[in-house]
file my_file-v1.cif (mmCIF, C-alpha atoms)
data_entry
loop_
_atom_site.group_PDB
_atom_site.id
_atom_site.type_symbol
_atom_site.label_atom_id
_atom_site.label_comp_id
_atom_site.auth_asym_id
_atom_site.auth_seq_id
_atom_site.Cartn_x
_atom_site.Cartn_y
_atom_site.Cartn_z
ATOM 1 C CA GLN A 1 64.603 20.706 68.620
ATOM 2 C CA VAL A 2 64.989 17.119 67.463
ATOM 3 C CA GLN A 3 66.827 16.511 64.214
ATOM 4 C CA LEU A 4 67.545 13.214 62.509
ATOM 5 C CA VAL A 5 69.866 13.554 59.529
ATOM 6 C CA GLU A 6 70.306 10.588 57.204
ATOM 7 C CA SER A 7 73.239 9.988 54.885
ATOM 8 C CA GLY A 8 74.730 7.179 52.874
ATOM 9 C CA GLY A 9 72.117 6.657 50.212
ATOM 10 C CA GLY A 10 72.933 6.373 46.548
ATOM 11 C CA LEU A 11 72.926 4.200 43.473
ATOM 12 C CA VAL A 12 74.095 0.617 43.810
ATOM 13 C CA GLN A 13 73.956 -2.464 41.614
ATOM 14 C CA PRO A 14 71.876 -5.489 42.601
ATOM 15 C CA GLY A 15 73.795 -7.594 45.090
ATOM 16 C CA GLY A 16 75.689 -4.601 46.383
ATOM 17 C CA SER A 17 75.782 -3.021 49.825
ATOM 18 C CA LEU A 18 75.173 0.351 51.418
ATOM 19 C CA ARG A 19 75.323 1.634 54.955
ATOM 20 C CA LEU A 20 72.912 4.358 55.945
ATOM 21 C CA SER A 21 73.695 6.621 58.871
ATOM 22 C CA CYS A 22 71.360 8.729 60.990
ATOM 23 C CA ALA A 23 72.928 11.426 63.128
ATOM 24 C CA ALA A 24 70.611 12.533 65.910
ATOM 25 C CA SER A 25 70.526 15.830 67.766
ATOM 26 C CA GLY A 26 68.076 17.075 70.349
ATOM 27 C CA ILE A 27 67.585 13.558 71.695
ATOM 28 C CA ILE A 28 69.869 11.043 73.334
ATOM 29 C CA ILE A 29 69.292 7.904 71.315
ATOM 30 C CA ASN A 30 70.246 5.471 74.068
ATOM 31 C CA ILE A 31 66.876 6.092 75.725
ATOM 32 C CA TYR A 32 64.827 5.915 72.541
ATOM 33 C CA THR A 33 63.578 3.251 70.210
ATOM 34 C CA MET A 34 65.206 4.042 66.873
ATOM 35 C CA GLY A 35 64.377 2.690 63.462
ATOM 36 C CA TRP A 36 64.198 2.942 59.715
ATOM 37 C CA TYR A 37 61.194 3.173 57.418
ATOM 38 C CA ARG A 38 61.131 3.339 53.643
ATOM 39 C CA GLN A 39 58.734 4.448 50.970
ATOM 40 C CA ALA A 40 58.866 3.535 47.306
ATOM 41 C CA PRO A 41 57.013 5.523 44.620
ATOM 42 C CA GLY A 42 53.345 4.603 44.596
ATOM 43 C CA LYS A 43 53.655 2.440 47.700
ATOM 44 C CA GLN A 44 52.845 2.861 51.352
ATOM 45 C CA ARG A 45 55.544 3.683 53.833
ATOM 46 C CA GLU A 46 56.779 0.527 55.551
ATOM 47 C CA LEU A 47 58.836 -0.318 58.588
ATOM 48 C CA VAL A 48 62.242 -1.720 57.642
ATOM 49 C CA ALA A 49 63.997 -2.215 60.966
ATOM 50 C CA THR A 50 63.647 -1.038 64.540
ATOM 51 C CA ASP A 51 65.940 -1.306 67.524
ATOM 52 C CA VAL A 52 63.573 -1.332 70.494
ATOM 53 C CA ILE A 53 64.880 0.393 73.598
ATOM 54 C CA SER A 54 63.364 -2.286 75.870
ATOM 55 C CA GLY A 55 65.362 -4.900 73.974
ATOM 56 C CA GLY A 56 65.247 -6.652 70.658
ATOM 57 C CA THR A 57 65.042 -5.734 67.031
ATOM 58 C CA ILE A 58 62.243 -5.919 64.501
ATOM 59 C CA TYR A 59 62.810 -6.442 60.794
ATOM 60 C CA ALA A 60 60.478 -6.536 57.846
ATOM 61 C CA ASP A 61 60.304 -10.063 56.437
ATOM 62 C CA SER A 62 61.620 -8.799 53.117
ATOM 63 C CA VAL A 63 64.920 -7.629 54.635
ATOM 64 C CA LYS A 64 65.605 -10.296 57.260
ATOM 65 C CA GLY A 65 69.061 -11.756 56.855
ATOM 66 C CA ARG A 66 70.153 -8.895 54.590
ATOM 67 C CA PHE A 67 69.759 -5.715 56.663
ATOM 68 C CA THR A 68 71.125 -4.977 60.124
ATOM 69 C CA ILE A 69 70.246 -2.061 62.371
ATOM 70 C CA SER A 70 72.765 -0.877 64.927
ATOM 71 C CA ARG A 71 73.519 2.154 66.996
ATOM 72 C CA ASP A 72 76.605 3.923 68.323
ATOM 73 C CA ASP A 73 75.491 5.684 71.472
ATOM 74 C CA ALA A 74 78.797 7.541 71.797
ATOM 75 C CA LYS A 75 78.197 9.128 68.385
ATOM 76 C CA ASN A 76 74.434 9.410 68.902
ATOM 77 C CA THR A 77 74.073 7.734 65.526
ATOM 78 C CA VAL A 78 71.980 4.880 64.158
ATOM 79 C CA TYR A 79 73.013 2.757 61.194
ATOM 80 C CA LEU A 80 71.346 0.484 58.688
ATOM 81 C CA GLN A 81 73.696 -1.937 56.979
ATOM 82 C CA MET A 82 72.089 -3.190 53.781
ATOM 83 C CA ASN A 83 73.609 -6.172 51.989
ATOM 84 C CA ASN A 84 72.585 -8.142 48.928
ATOM 85 C CA LEU A 85 70.434 -5.258 47.761
ATOM 86 C CA ARG A 86 67.626 -5.926 45.319
ATOM 87 C CA PRO A 87 65.813 -3.620 42.888
ATOM 88 C CA GLU A 88 62.730 -3.830 45.120
ATOM 89 C CA ASP A 89 64.738 -2.180 47.910
ATOM 90 C CA THR A 90 64.700 1.044 45.900
ATOM 91 C CA ALA A 91 63.007 3.674 48.049
ATOM 92 C CA THR A 92 63.484 6.731 50.178
ATOM 93 C CA TYR A 93 64.731 5.617 53.572
ATOM 94 C CA TYR A 94 63.772 7.526 56.705
ATOM 95 C CA CYS A 95 65.351 7.413 60.126
ATOM 96 C CA THR A 96 62.826 7.438 62.949
ATOM 97 C CA GLY A 97 62.925 7.867 66.691
ATOM 98 C CA GLY A 98 60.670 7.433 69.663
ATOM 99 C CA GLY A 99 58.505 4.494 68.769
ATOM 100 C CA VAL A 100 57.928 1.454 66.592
ATOM 101 C CA ARG A 101 54.633 1.953 64.744
ATOM 102 C CA ASN A 102 54.088 5.660 65.136
ATOM 103 C CA PRO A 103 57.445 7.284 65.830
ATOM 104 C CA PRO A 104 57.175 10.998 66.525
ATOM 105 C CA TYR A 105 60.566 11.874 65.087
ATOM 106 C CA TRP A 106 61.493 11.544 61.424
ATOM 107 C CA GLY A 107 64.447 12.488 59.290
ATOM 108 C CA GLN A 108 64.201 14.054 55.863
ATOM 109 C CA GLY A 109 65.024 10.824 54.040
ATOM 110 C CA THR A 110 67.805 9.526 51.838
ATOM 111 C CA GLN A 111 67.317 7.932 48.435
ATOM 112 C CA VAL A 112 68.491 4.397 47.748
ATOM 113 C CA THR A 113 68.354 3.168 44.170
ATOM 114 C CA VAL A 114 69.237 -0.397 43.266
ATOM 115 C CA SER A 115 69.703 -0.797 39.542
ATOM 116 C CA SER A 116 72.082 -2.223 36.995
#

call {"tool": "encode", "arguments": {"input": "my_file-v1.cif", "output": "C-alpha cells"}}
result
Amino acid sequence: QVQLVESGGGLVQPGGSLRLSCAASGIIINIYTMGWYRQAPGKQRELVATDVISGGTIYADSVKGRFTISRDDAKNTVYLQMNNLRPEDTATYYCTGGGVRNPPYWGQGTQVTVSS
C-alpha cells in the first residue's frame, strides 16, 4: 500500500519560508516522478513543482525562483522549500507520485497559510 505523508505546513507571514516534507512508503521514490500540487479554496488544483524521474524539474510560473523541489532517496522523502511566500500561496499542498499531470499517488495534504 502506497502512502505519502506530508508535514511542515502552517501559518507564516508574507516573505517568510516553509519547508514541506513528504515521507513515502510502499514505493521507492528514486524510480518515480515525484511532485507537489496545491489547491486553494474555490480554485482548481494546480501543479506546483515536479521532479521528473527521467531528468529535470517543472515549476509553475508563479513559484519559479521561490520554490525548490528536492528529494532524499536515502530517507525516501521529497521536500518543497518555499521562500518569499505570498498570500496567494495559501492553499492545501499535496505530495504526488508516479506522474506529472495525472499522478496516481496522492498524500492527504498539508495546509499552508500566508497571512500577516

call {"tool": "resolve_selection", "arguments": {"input": "my_file-v1.cif", "expression": "the PyMOL selection byres ((chain A and resi 47) around 10)", "output": "PDB file with C-alpha atoms, in the frame of the given file"}}
result
ATOM      1  CA  GLY A  35      64.377   2.690  63.462  1.00  0.00           C
ATOM      2  CA  TRP A  36      64.198   2.942  59.715  1.00  0.00           C
ATOM      3  CA  TYR A  37      61.194   3.173  57.418  1.00  0.00           C
ATOM      4  CA  ARG A  38      61.131   3.339  53.643  1.00  0.00           C
ATOM      5  CA  GLN A  39      58.734   4.448  50.970  1.00  0.00           C
ATOM      6  CA  GLN A  44      52.845   2.861  51.352  1.00  0.00           C
ATOM      7  CA  ARG A  45      55.544   3.683  53.833  1.00  0.00           C
ATOM      8  CA  GLU A  46      56.779   0.527  55.551  1.00  0.00           C
ATOM      9  CA  VAL A  48      62.242  -1.720  57.642  1.00  0.00           C
ATOM     10  CA  ALA A  49      63.997  -2.215  60.966  1.00  0.00           C
ATOM     11  CA  THR A  50      63.647  -1.038  64.540  1.00  0.00           C
ATOM     12  CA  ILE A  58      62.243  -5.919  64.501  1.00  0.00           C
ATOM     13  CA  TYR A  59      62.810  -6.442  60.794  1.00  0.00           C
ATOM     14  CA  ALA A  60      60.478  -6.536  57.846  1.00  0.00           C
ATOM     15  CA  TYR A  93      64.731   5.617  53.572  1.00  0.00           C
ATOM     16  CA  TYR A  94      63.772   7.526  56.705  1.00  0.00           C
ATOM     17  CA  THR A  96      62.826   7.438  62.949  1.00  0.00           C
ATOM     18  CA  VAL A 100      57.928   1.454  66.592  1.00  0.00           C
ATOM     19  CA  ARG A 101      54.633   1.953  64.744  1.00  0.00           C
TER      20      ARG A 101
END

call {"tool": "resolve_selection", "arguments": {"input": "my_file-v1.cif", "expression": "the PyMOL selection byres ((chain A and resi 69-74) around 9)", "output": "MDAnalysis selection string"}}
result
chainID A and resid 28:30 34:36 49:51 57 59 67:68 75:82

call {"tool": "atom_distance", "arguments": {"input": "my_file-v1.cif", "atom1": "CA of Ser116 in chain A", "atom2": "CA of Leu11 in chain A"}}
result
9.2 Å

call {"tool": "resolve_selection", "arguments": {"input": "my_file-v1.cif", "expression": "the PyMOL selection byres ((chain A and resi 7) around 12)", "output": "ChimeraX atom specification"}}
result
/A:4-6,8-10,18-24,77-80,92-95,107-112

call {"tool": "atom_distance", "arguments": {"input": "my_file-v1.cif", "atom1": "CA of Ile27 in chain A", "atom2": "CA of Gly56 in chain A"}}
result
20.4 Å

call {"tool": "residues_around", "arguments": {"input": "my_file-v1.cif", "residues": "Asn83 in chain A", "least_positions_apart": "2", "cutoff": "6 Å", "atoms": "only C-alpha atoms", "output": "VMD selection string"}}
result
chain A and resid 17 66 85

call {"tool": "write_last_selection", "arguments": {"input": "my_file-v1.cif", "atoms": "C-alpha atoms", "output": "PDB file, in the frame of the given file"}}
result
ATOM      1  CA  SER A  17      75.782  -3.021  49.825  1.00  0.00           C
ATOM      2  CA  ARG A  66      70.153  -8.895  54.590  1.00  0.00           C
ATOM      3  CA  LEU A  85      70.434  -5.258  47.761  1.00  0.00           C
TER       4      LEU A  85
END

call {"tool": "atom_distance", "arguments": {"input": "my_file-v1.cif", "atom1": "CA of Lys43 in chain A", "atom2": "CA of Asn102 in chain A"}}
result
17.7 Å

call {"tool": "closest_residue", "arguments": {"input": "my_file-v1.cif", "among": "A:Gly97, A:Gly55, A:Arg86, A:Gly65", "to": "Gln13 in chain A", "atoms": "all atoms listed in the file"}}
result
A:Arg86
